[in-house]
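Here's coords_18.tsv, which has TSV, C-alpha atoms:
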chain	number	residue	atom	x	y	z
A	1	MET	CA	-10.79	-57.79	-20.69
A	2	LYS	CA	-7.73	-58.24	-22.91
A	3	SER	CA	-8.16	-54.81	-24.48
A	4	SER	CA	-8.56	-53.20	-21.02
A	5	LEU	CA	-5.36	-54.83	-19.81
A	6	PHE	CA	-3.58	-53.73	-22.98
A	7	SER	CA	-4.79	-50.12	-22.52
A	8	LEU	CA	-3.64	-50.11	-18.91
A	9	LEU	CA	-0.25	-51.50	-19.88
A	10	LEU	CA	0.11	-48.94	-22.67
A	11	LEU	CA	-0.83	-46.13	-20.27
A	12	ALA	CA	1.75	-47.35	-17.76
A	13	VAL	CA	4.46	-47.44	-20.43
A	14	VAL	CA	3.59	-43.93	-21.68
A	15	ALA	CA	3.47	-42.57	-18.12
A	16	GLY	CA	6.74	-44.28	-17.31
A	17	ALA	CA	8.40	-42.75	-20.34
A	18	GLY	CA	7.27	-39.29	-19.21
A	19	CYS	CA	8.79	-39.76	-15.73
A	20	ARG	CA	12.09	-41.26	-16.75
A	21	SER	CA	14.79	-41.38	-14.12
A	22	THR	CA	17.11	-38.35	-13.93
A	23	GLN	CA	19.39	-39.00	-11.00
A	24	MET	CA	22.05	-36.53	-9.98
A	25	ASN	CA	25.68	-37.16	-9.07
A	26	THR	CA	27.43	-34.77	-6.66
A	27	VAL	CA	30.89	-34.12	-5.23
A	28	ASP	CA	31.81	-32.27	-1.99
A	29	PRO	CA	35.10	-31.76	-0.11
A	30	ALA	CA	35.67	-34.66	2.31
A	31	GLN	CA	36.56	-32.17	5.07
A	32	PRO	CA	34.34	-29.12	4.58
A	33	ALA	CA	35.85	-25.81	5.72
A	34	ASN	CA	32.56	-24.51	7.08
A	35	GLN	CA	31.40	-24.96	10.65
A	36	ARG	CA	27.68	-25.41	10.42
A	37	GLU	CA	25.58	-24.96	13.52
A	38	MET	CA	23.07	-27.74	13.07
A	39	ILE	CA	20.00	-27.52	15.28
A	40	SER	CA	17.52	-30.16	16.32
A	41	ASP	CA	14.15	-29.89	14.63
A	42	LYS	CA	10.56	-30.96	15.10
A	43	ARG	CA	8.88	-32.48	12.06
A	44	VAL	CA	5.25	-33.14	11.31
A	45	LEU	CA	5.11	-35.54	8.37
A	46	LYS	CA	1.66	-36.13	6.94
A	47	ASP	CA	2.58	-36.83	3.32
A	48	GLN	CA	5.05	-39.72	3.14
A	49	SER	CA	5.55	-39.49	-0.63
A	50	LEU	CA	6.45	-35.79	-0.24
A	51	ASN	CA	8.80	-36.72	2.59
A	52	LYS	CA	10.61	-39.02	0.20
A	53	ALA	CA	10.77	-36.39	-2.54
A	54	VAL	CA	11.81	-33.61	-0.15
A	55	ASN	CA	13.60	-35.34	2.69
A	56	ILE	CA	14.97	-32.95	5.31
A	57	VAL	CA	18.62	-33.82	5.91
A	58	GLY	CA	19.51	-31.03	8.31
A	59	LEU	CA	18.76	-27.56	9.55
A	60	ASN	CA	21.25	-24.89	10.47
A	61	VAL	CA	20.86	-21.27	11.52
A	62	GLY	CA	23.05	-18.22	11.87
A	63	THR	CA	22.60	-14.63	13.00
A	64	GLY	CA	24.39	-11.62	11.49
A	65	PRO	CA	25.79	-8.57	13.33
A	66	GLU	CA	22.49	-6.69	12.97
A	67	GLY	CA	20.49	-9.58	14.42
A	68	PHE	CA	18.75	-10.99	11.34
A	69	LEU	CA	18.30	-14.76	11.53
A	70	LYS	CA	19.32	-16.85	8.53
A	71	VAL	CA	18.06	-20.37	8.10
A	72	GLN	CA	19.26	-23.12	5.80
A	73	VAL	CA	17.44	-26.40	5.30
A	74	GLU	CA	19.25	-29.16	3.46
A	75	VAL	CA	16.81	-31.30	1.51
A	76	GLU	CA	17.29	-34.42	-0.55
A	77	ASN	CA	15.10	-35.96	-3.22
A	78	ARG	CA	15.29	-39.64	-2.38
A	79	THR	CA	13.36	-40.70	-5.46
A	80	ARG	CA	14.79	-41.45	-8.88
A	81	SER	CA	12.99	-38.69	-10.80
A	82	LEU	CA	12.41	-34.94	-10.85
A	83	LYS	CA	10.03	-33.76	-8.12
A	84	SER	CA	8.41	-30.37	-7.83
A	85	PHE	CA	7.10	-28.87	-4.63
A	86	THR	CA	6.37	-25.54	-2.99
A	87	TYR	CA	7.47	-24.30	0.39
A	88	THR	CA	6.46	-21.42	2.61
A	89	VAL	CA	8.54	-19.81	5.34
A	90	GLU	CA	6.77	-18.28	8.34
A	91	TRP	CA	8.55	-16.06	10.86
A	92	PHE	CA	7.52	-15.52	14.46
A	93	ASP	CA	8.56	-12.89	16.99
A	94	GLU	CA	9.73	-13.62	20.54
A	95	ASN	CA	6.09	-13.98	21.67
A	96	GLY	CA	5.37	-16.52	18.96
A	97	ILE	CA	3.26	-14.08	16.95
A	98	LEU	CA	3.38	-14.47	13.18
A	99	ILE	CA	5.14	-11.63	11.35
A	100	GLU	CA	3.10	-10.82	8.25
A	101	LEU	CA	4.65	-9.32	5.14
A	102	PRO	CA	3.46	-8.55	1.58
A	103	THR	CA	6.42	-10.55	0.28
A	104	ALA	CA	5.07	-13.79	1.81
A	105	HIS	CA	4.49	-16.40	-0.88
A	106	SER	CA	4.73	-20.08	-1.70
A	107	ARG	CA	8.08	-20.66	-3.33
A	108	PRO	CA	8.17	-23.16	-6.19
A	109	ARG	CA	11.14	-25.49	-6.31
A	110	SER	CA	12.12	-28.74	-7.99
A	111	LEU	CA	14.80	-31.33	-7.31
A	112	GLU	CA	16.24	-33.85	-9.72
A	113	GLY	CA	16.33	-37.49	-8.63
A	114	GLY	CA	18.87	-37.91	-5.82
A	115	GLU	CA	19.62	-34.18	-5.71
A	116	ILE	CA	20.64	-32.53	-2.44
A	117	ALA	CA	19.92	-28.80	-2.24
A	118	ALA	CA	20.06	-26.03	0.32
A	119	ILE	CA	16.99	-23.91	0.84
A	120	THR	CA	17.79	-20.63	2.55
A	121	ALA	CA	15.63	-17.97	4.09
A	122	THR	CA	16.47	-14.66	5.75
A	123	ALA	CA	14.36	-13.23	8.55
A	124	PRO	CA	12.58	-10.04	7.45
A	125	THR	CA	13.32	-8.26	10.72
A	126	PRO	CA	15.58	-8.70	13.76
A	127	ARG	CA	12.34	-9.25	15.73
A	128	ALA	CA	11.97	-12.66	14.06
A	129	LYS	CA	13.21	-15.27	16.53
A	130	ASP	CA	11.52	-18.44	15.30
A	131	PHE	CA	10.41	-19.91	12.03
A	132	ARG	CA	8.37	-22.66	10.43
A	133	ILE	CA	8.88	-24.08	6.95
A	134	LYS	CA	5.96	-25.78	5.25
A	135	PHE	CA	6.36	-28.08	2.26
A	136	LEU	CA	3.56	-28.97	-0.14
A	137	GLU	CA	3.23	-30.95	-3.34
A	138	PRO	CA	2.16	-28.88	-6.38
A	139	VAL	CA	-1.58	-28.43	-6.39
A	140	GLY	CA	-1.76	-27.98	-10.17
A	141	ARG	CA	-3.34	-24.66	-11.06
B	142	MET	CA	-19.55	-55.50	-16.52
B	143	LYS	CA	-20.22	-55.49	-12.77
B	144	PRO	CA	-16.55	-55.24	-11.79
B	145	LEU	CA	-16.54	-51.83	-13.49
B	146	LEU	CA	-19.09	-50.48	-11.01
B	147	VAL	CA	-16.57	-50.09	-8.18
B	148	PRO	CA	-13.90	-48.17	-10.12
B	149	VAL	CA	-16.55	-45.96	-11.71
B	150	THR	CA	-18.06	-45.17	-8.30
B	151	VAL	CA	-14.60	-44.40	-6.90
B	152	ALA	CA	-13.84	-42.15	-9.88
B	153	VAL	CA	-17.12	-40.27	-9.45
B	154	LEU	CA	-16.47	-39.81	-5.72
B	155	LEU	CA	-12.93	-38.60	-6.40
B	156	LEU	CA	-14.15	-36.12	-9.00
B	157	ALA	CA	-16.80	-34.88	-6.61
B	158	GLY	CA	-14.18	-34.42	-3.91
B	159	CYS	CA	-11.88	-32.51	-6.26
B	160	SER	CA	-14.52	-30.22	-7.71
B	161	SER	CA	-14.35	-26.63	-6.58
B	162	PRO	CA	-16.92	-23.84	-6.49
B	163	LYS	CA	-16.99	-21.38	-9.41
B	164	ALA	CA	-15.45	-18.55	-7.41
B	165	THR	CA	-13.57	-18.71	-4.17
B	166	TYR	CA	-11.16	-16.68	-2.05
B	167	VAL	CA	-7.55	-17.81	-1.95
B	168	GLU	CA	-4.82	-16.50	0.34
B	169	ALA	CA	-2.34	-14.32	-1.56
B	170	ASP	CA	0.57	-16.48	-0.33
B	171	SER	CA	-1.18	-19.74	-1.22
B	172	SER	CA	0.30	-22.26	-3.63
B	173	ARG	CA	-3.15	-22.53	-5.24
B	174	LEU	CA	-2.84	-19.27	-7.18
B	175	VAL	CA	-3.27	-19.42	-10.94
B	176	THR	CA	0.04	-19.54	-12.77
B	177	THR	CA	0.36	-18.57	-16.42
B	178	VAL	CA	3.31	-18.83	-18.77
B	179	GLU	CA	2.28	-15.79	-20.78
B	180	GLY	CA	2.49	-13.21	-18.02
B	181	ILE	CA	3.96	-12.14	-14.71
B	182	ASN	CA	1.65	-13.37	-11.97
B	183	LEU	CA	1.10	-11.88	-8.53
B	184	GLN	CA	3.22	-14.61	-6.94
B	185	ASP	CA	6.09	-13.81	-9.32
B	186	PHE	CA	6.24	-10.25	-8.03
B	187	ALA	CA	6.11	-11.52	-4.44
B	188	GLN	CA	8.85	-14.06	-5.17
B	189	ALA	CA	11.11	-11.44	-6.79
B	190	ALA	CA	10.45	-8.87	-4.05
B	191	ASP	CA	11.15	-11.44	-1.34
B	192	ALA	CA	14.41	-12.55	-2.98
B	193	MET	CA	15.55	-8.95	-3.49
B	194	THR	CA	14.74	-7.97	0.09
B	195	ALA	CA	16.56	-11.05	1.43
B	196	SER	CA	19.57	-10.18	-0.73
B	197	LEU	CA	19.56	-6.59	0.56
B	198	ILE	CA	19.38	-7.82	4.16
B	199	ASP	CA	22.07	-10.48	3.62
B	200	ASN	CA	24.55	-8.32	1.76
B	201	LEU	CA	24.02	-4.83	3.09
B	202	ILE	CA	21.78	-4.52	6.13
B	203	ASN	CA	22.76	-7.52	8.26
B	204	PRO	CA	26.53	-6.98	7.89
B	205	GLY	CA	25.97	-3.35	9.00
B	206	LEU	CA	27.08	-1.83	5.69
B	207	LEU	CA	24.00	0.34	5.19
B	208	LYS	CA	24.90	3.86	6.36
B	209	SER	CA	22.52	6.60	7.37
B	210	GLY	CA	23.38	10.28	6.90
B	211	VAL	CA	21.69	11.05	10.23
B	212	PRO	CA	23.08	9.22	13.28
B	213	ASN	CA	20.65	6.84	15.04
B	214	GLU	CA	18.07	7.16	12.27
B	215	PRO	CA	17.30	4.64	9.52
B	216	ALA	CA	18.89	5.21	6.11
B	217	LEU	CA	16.68	7.16	3.71
B	218	LEU	CA	15.83	5.64	0.35
B	219	ALA	CA	14.41	7.34	-2.74
B	220	ILE	CA	12.84	5.39	-5.58
B	221	SER	CA	14.42	6.13	-8.92
B	222	ARG	CA	13.43	4.82	-12.35
B	223	ILE	CA	12.03	1.28	-12.47
B	224	LEU	CA	11.79	0.37	-16.12
B	225	ASN	CA	9.27	-2.14	-17.44
B	226	ASN	CA	10.97	-3.61	-20.51
B	227	THR	CA	8.47	-6.42	-20.91
B	228	GLY	CA	5.67	-6.61	-23.44
B	229	GLN	CA	3.11	-6.32	-20.68
B	230	GLN	CA	1.63	-3.34	-18.97
B	231	PHE	CA	1.72	-3.42	-15.18
B	232	ASP	CA	2.37	-1.11	-12.28
B	233	THR	CA	5.96	-1.53	-11.11
B	234	ASP	CA	4.71	-0.85	-7.57
B	235	LEU	CA	3.60	-4.50	-7.62
B	236	LEU	CA	7.30	-5.15	-7.06
B	237	ILE	CA	8.63	-1.97	-5.47
B	238	LYS	CA	5.93	-1.44	-2.85
B	239	LYS	CA	6.50	-4.93	-1.45
B	240	ILE	CA	10.23	-4.22	-1.18
B	241	ARG	CA	9.58	-0.84	0.46
B	242	VAL	CA	7.24	-2.34	3.05
B	243	ALA	CA	9.66	-5.17	3.79
B	244	LEU	CA	12.60	-2.74	4.13
B	245	LEU	CA	10.62	-0.44	6.42
B	246	ARG	CA	9.81	-3.42	8.67
B	247	THR	CA	13.53	-4.13	9.06
B	248	GLY	CA	13.73	-0.89	11.04
B	249	LYS	CA	16.87	0.04	9.09
B	250	VAL	CA	15.42	1.80	6.04
B	251	GLN	CA	12.78	4.45	5.37
B	252	THR	CA	11.55	5.63	1.97
B	253	SER	CA	11.00	9.25	0.96
B	254	THR	CA	7.53	10.05	-0.36
B	255	THR	CA	8.53	13.50	-1.57
B	256	ILE	CA	11.73	12.71	-3.47
B	257	ALA	CA	11.22	10.25	-6.31
B	258	PHE	CA	11.90	9.87	-10.01
B	259	GLY	CA	8.96	11.12	-12.06
B	260	GLY	CA	7.46	13.30	-9.33
B	261	VAL	CA	6.51	13.23	-5.68
B	262	GLU	CA	4.49	10.31	-4.38
B	263	ASP	CA	2.65	12.33	-1.75
B	264	PRO	CA	1.96	15.82	-3.15
B	265	LEU	CA	0.18	17.02	-0.01
B	266	VAL	CA	3.23	16.36	2.18
B	267	ALA	CA	5.38	18.10	-0.42
B	268	ASP	CA	3.08	21.16	-0.28
B	269	LEU	CA	2.69	21.27	3.49
B	270	GLY	CA	6.23	20.35	4.45
B	271	GLY	CA	8.05	22.59	2.00
B	272	PRO	CA	11.37	21.56	0.51
B	273	PRO	CA	12.74	18.21	1.79
B	274	LYS	CA	14.85	18.66	4.90
B	275	ARG	CA	16.94	15.60	4.29
B	276	ASN	CA	18.53	14.19	1.18
B	277	PRO	CA	18.17	10.46	0.59
B	278	ASP	CA	21.19	8.31	1.41
B	279	TYR	CA	20.44	5.86	-1.39
B	280	THR	CA	18.36	5.54	-4.55
B	281	LEU	CA	16.79	2.35	-5.86
B	282	SER	CA	16.60	1.83	-9.62
B	283	GLY	CA	15.88	-1.19	-11.75
B	284	LYS	CA	14.52	-2.92	-14.77
B	285	ILE	CA	12.23	-5.84	-15.55
B	286	ILE	CA	13.08	-7.72	-18.74
B	287	GLU	CA	11.20	-10.49	-20.52
B	288	ASP	CA	12.50	-13.34	-22.64
B	289	ARG	CA	10.31	-15.83	-24.46
B	290	THR	CA	11.19	-18.99	-26.29
B	291	LYS	CA	9.45	-22.08	-27.60
B	292	ALA	CA	10.61	-25.58	-28.41
B	293	GLY	CA	8.01	-27.86	-29.91
B	294	ASN	CA	4.95	-27.64	-27.69
B	295	VAL	CA	6.85	-26.25	-24.72
B	296	ARG	CA	6.65	-22.50	-24.18
B	297	GLN	CA	9.08	-20.81	-21.83
B	298	SER	CA	8.84	-17.30	-20.41
B	299	SER	CA	11.60	-15.74	-18.35
B	300	TYR	CA	11.22	-12.58	-16.34
B	301	ILE	CA	14.44	-10.96	-15.19
B	302	PHE	CA	14.25	-8.55	-12.28
B	303	GLN	CA	17.28	-6.27	-11.90
B	304	LEU	CA	17.73	-3.78	-9.06
B	305	SER	CA	20.54	-1.45	-8.03
B	306	LEU	CA	20.98	0.57	-4.85
B	307	SER	CA	23.17	3.59	-5.45
B	308	SER	CA	24.76	5.99	-3.02
B	309	LEU	CA	24.47	9.69	-3.84
B	310	ASN	CA	28.00	9.73	-5.26
B	311	GLY	CA	26.77	7.44	-8.02
B	312	ILE	CA	28.20	4.15	-6.83
B	313	ALA	CA	26.08	1.00	-6.88
B	314	VAL	CA	26.55	-0.35	-3.34
B	315	TRP	CA	24.22	-3.29	-3.94
B	316	GLU	CA	22.92	-4.95	-7.08
B	317	ASP	CA	21.06	-8.12	-7.76
B	318	GLU	CA	19.25	-9.98	-10.47
B	319	ARG	CA	16.54	-12.61	-10.07
B	320	THR	CA	15.13	-14.64	-12.91
B	321	ILE	CA	11.79	-16.39	-12.82
B	322	VAL	CA	11.37	-19.02	-15.51
B	323	LYS	CA	8.05	-20.64	-16.33
B	324	GLN	CA	7.34	-23.43	-18.77
B	325	GLY	CA	4.10	-24.84	-20.06
B	326	SER	CA	2.72	-26.66	-23.01
B	327	ARG	CA	-0.10	-24.18	-23.48
B	328	ALA	CA	-0.65	-20.48	-22.93
B	329	THR	CA	-2.09	-21.20	-19.51
B	330	VAL	CA	-0.81	-23.78	-17.09
B	331	GLY	CA	-3.09	-25.77	-14.89
B	332	PHE	CA	-6.50	-25.17	-16.39
Could I get this structure in the form of C-alpha cells?
Amino acid sequence: MKSSLFSLLLLAVVAGAGCRSTQMNTVDPAQPANQREMISDKRVLKDQSLNKAVNIVGLNVGTGPEGFLKVQVEVENRTRSLKSFTYTVEWFDENGILIELPTAHSRPRSLEGGEIAAITATAPTPRAKDFRIKFLEPVGR
Amino acid sequence: MKPLLVPVTVAVLLLAGCSSPKATYVEADSSRLVTTVEGINLQDFAQAADAMTASLIDNLINPGLLKSGVPNEPALLAISRILNNTGQQFDTDLLIKKIRVALLRTGKVQTSTTIAFGGVEDPLVADLGGPPKRNPDYTLSGKIIEDRTKAGNVRQSSYIFQLSLSSLNGIAVWEDERTIVKQGSRATVGF
C-alpha cells in the first residue's frame, strides 16, 4: 500500500511539474478609444472545465461598407496554466441555412494562464447574417 | 487485492469507451484530424486559406477597395506563380483552390481559367472561346516556406504562407503572411 501511495504521489509531483503555472499580466488604457458594439449572446455550456479555460467575456460585431459581418469574441483563460482548445465558426444566411465552404476548419488556439485574447472571424459572404462559434478541448490525435 | 478490482474495472471500461474502429470517416473540418509535425496537413491548408481569405475581405473587399475593370461585374483574378519552397511535394491548389472558391462565394471576385501562369487551366474553353476577351484586374502570386528546428526532444516545424495580390501595373495592393507552427516530441503527434 505504501509503495502504491508513493507512486501516486510521485506521479502527481511529475504531472504538476509539467503543468506549472504560467499566468499572464496585461495592461490596457483605462479609457479605451474604441466604441465596441457588444451584443447579448446565448451560451450552451456542457464542459465546465473548458468554460473555465476559455471563458467568454464578451461578443461584439461590426459590418463593413460591403456588408461583410465581422465578429470578435473576447475570451479569458481563468485557470493558472496554459490551455489549448479548438474552435469552429459556422455562418448562416438570413434563412438560417449553413453556408458551407472548403476553408471551414477547426482552429487550434492556446491561452496562457489568465490570458485575455480576442478571437475574430470574418463572414465569407455578405449573405452571412448569423454565426455560431463552437469551442472544444483538444481531442489528441 | 480486492480494492484493486474497482479501479481496474473502471480503467477497462474507460479504455473500451475510448477505443475506435480501425478505419472511420471524419469530417474535413473536424478537430479529430491527424496532425503531424513533419508535414503540412490538410487542416493547415484550410487554416491558411481561411486566414488569407479573411484578410482579403477585411482589407480589400469589405472596405470597397477592390476595383473591377468592367462596371457592375466582379473583379477578375488570374493565378500567377505559387512557389512551393518546402521540402515536401504537394499540389499548391490545396491552398489556392480553397481561396478561389471562397473569393467566388463573396460575389466580388471571379478567377480566369484561361489566363494563368504556367498555362491555361481549362484548355477546352481556351480553344472554343478564342483569345480572352477581358484582361484580369489582379494577379495572385505567393510562396510557401518551411522552417524546422529542434531543441532537445521537441521538434518544431513552421510553415509560412505568403500571398500577394498585384494590380496589372505591378503594384501589390494586398499582401499577407500567415505562419503555422507545430511542435511535438516525436515525428508524429497524437499516435
With the cut-off set at 6 Å and counting all atoms listed in the file, tabulate each residue of chain A with an atom at most that distance from an atom of chain B, showing the nearest atom pair and its distance in Å to one decimal, ordered by chain and increasing number, as a Markdown table.
| residue | atom | partner | partner_atom | distance |
| --- | --- | --- | --- | --- |
| A:Gly64 | CA | B:Asn203 | CA | 5.5 |
| A:Pro65 | CA | B:Pro204 | CA | 5.7 |
| A:Glu66 | CA | B:Asn203 | CA | 4.8 |
| A:Pro102 | CA | B:Lys239 | CA | 5.6 |
| A:Thr103 | CA | B:Ala187 | CA | 4.8 |
| A:Ala104 | CA | B:Asp170 | CA | 5.7 |
| A:His105 | CA | B:Asp170 | CA | 4.0 |
| A:Ser106 | CA | B:Ser172 | CA | 5.3 |
| A:Thr122 | CA | B:Ala195 | CA | 5.6 |
| A:Thr125 | CA | B:Thr247 | CA | 4.5 |
| A:Gly140 | CA | B:Gly331 | CA | 5.4 |
| A:Arg141 | CA | B:Gly331 | CA | 4.0 |
inquiry  = Counting only C-alpha atoms, which residues sit no farther than 12 Å from the position (6.9, -24.7, -28.3) in the file's frame? I'd like them as number ranges by chain.
reply    = B: 178, 289-298, 324-328
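The space between CA of Lys284 (chain B) and CA of Arg109 (chain A) spans 24.3 Å.
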key: Point-to-point distance from CA of Ile321 (chain B) to CA of Ile285 (chain B), Å rounded to tenths   = 10.9 Å
inquiry  = So that I can check the surroundings of Glu115 (chain A), please list as JSON, numbers by chain every protein, DNA and RNA residue that reaches within 9 Å of it, counting all atoms listed in the file and ignoring chain neighbours fewer than 5 positions away.
reply    = {"A": [23, 24, 25, 26, 75, 76, 77, 78, 82]}
inquiry  = Please list, as a PyMOL selection string, the residues that have an atom at most 9 Å away from (7.6, -30.0, -9.8) in the coordinates of this file, counting all atoms listed in the file.
reply    = chain A and resi 82-86+108-111+137-138
message = Neighbouring residues of Leu59 (chain A) were defined as those with any atom within 8 Å, considering all atoms listed in the file; residues of the same chain fewer than 5 positions away were excluded. Please report them as JSON, numbers by chain.
response = {"A": [38, 39, 40, 41, 71, 72, 73, 74]}
Determine, counting only C-alpha atoms, which protein, DNA and RNA residues have an atom within 10 Å of an atom of Ile133 (chain A); residues of the same chain fewer than 5 positions away are not included. Present the result as a compact mmCIF listing (two decimals) with C-alpha atoms, in the frame of the given file.
# COMPACT_ATOMS: atom_id res chain seq x y z
CA ARG A 43 8.88 -32.48 12.06
CA VAL A 71 18.06 -20.37 8.10
CA VAL A 73 17.44 -26.40 5.30
CA TYR A 87 7.47 -24.30 0.39
CA THR A 88 6.46 -21.42 2.61
CA VAL A 89 8.54 -19.81 5.34
CA GLU A 90 6.77 -18.28 8.34
CA TRP A 91 8.55 -16.06 10.86
CA ALA A 121 15.63 -17.97 4.09
remark   = Using all atoms listed in the file, the residue out of A:Lys134, A:Arg127, A:Lys70, A:Arg36 with shortest distance to Ile56 (chain A) is A:Lys134
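Reported to one decimal place, the separation of CA of Asp130 (chain A) from CA of Leu69 (chain A) is 8.6 Å.
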task = Just the residues within 12 Å of Pro277 (chain B), please, counting only C-alpha atoms, with nothing from its chain fewer than 3 positions along; format it as JSON, numbers by chain.
result = {"B": [208, 209, 210, 211, 215, 216, 217, 218, 219, 220, 221, 250, 251, 252, 253, 254, 255, 256, 257, 273, 274, 280, 281, 306, 307, 308, 309, 310]}
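Distance annotation: of B:Asn226, B:Ile286, B:Leu207, B:Pro212, the residue with the minimal separation from Val314 (chain B) is B:Leu207; atom set is all atoms listed in the file.
Closest approach to Glu287 (chain B) among B:Met193, B:Val266, B:Val322, B:Phe231 is made by B:Val322 (distances from only C-alpha atoms).
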message = From the options A:Ile97, A:Val61, A:Leu136, A:Ala30, which residue's atoms come nearest to Ala123 (chain A), counting only C-alpha atoms?
response = A:Val61
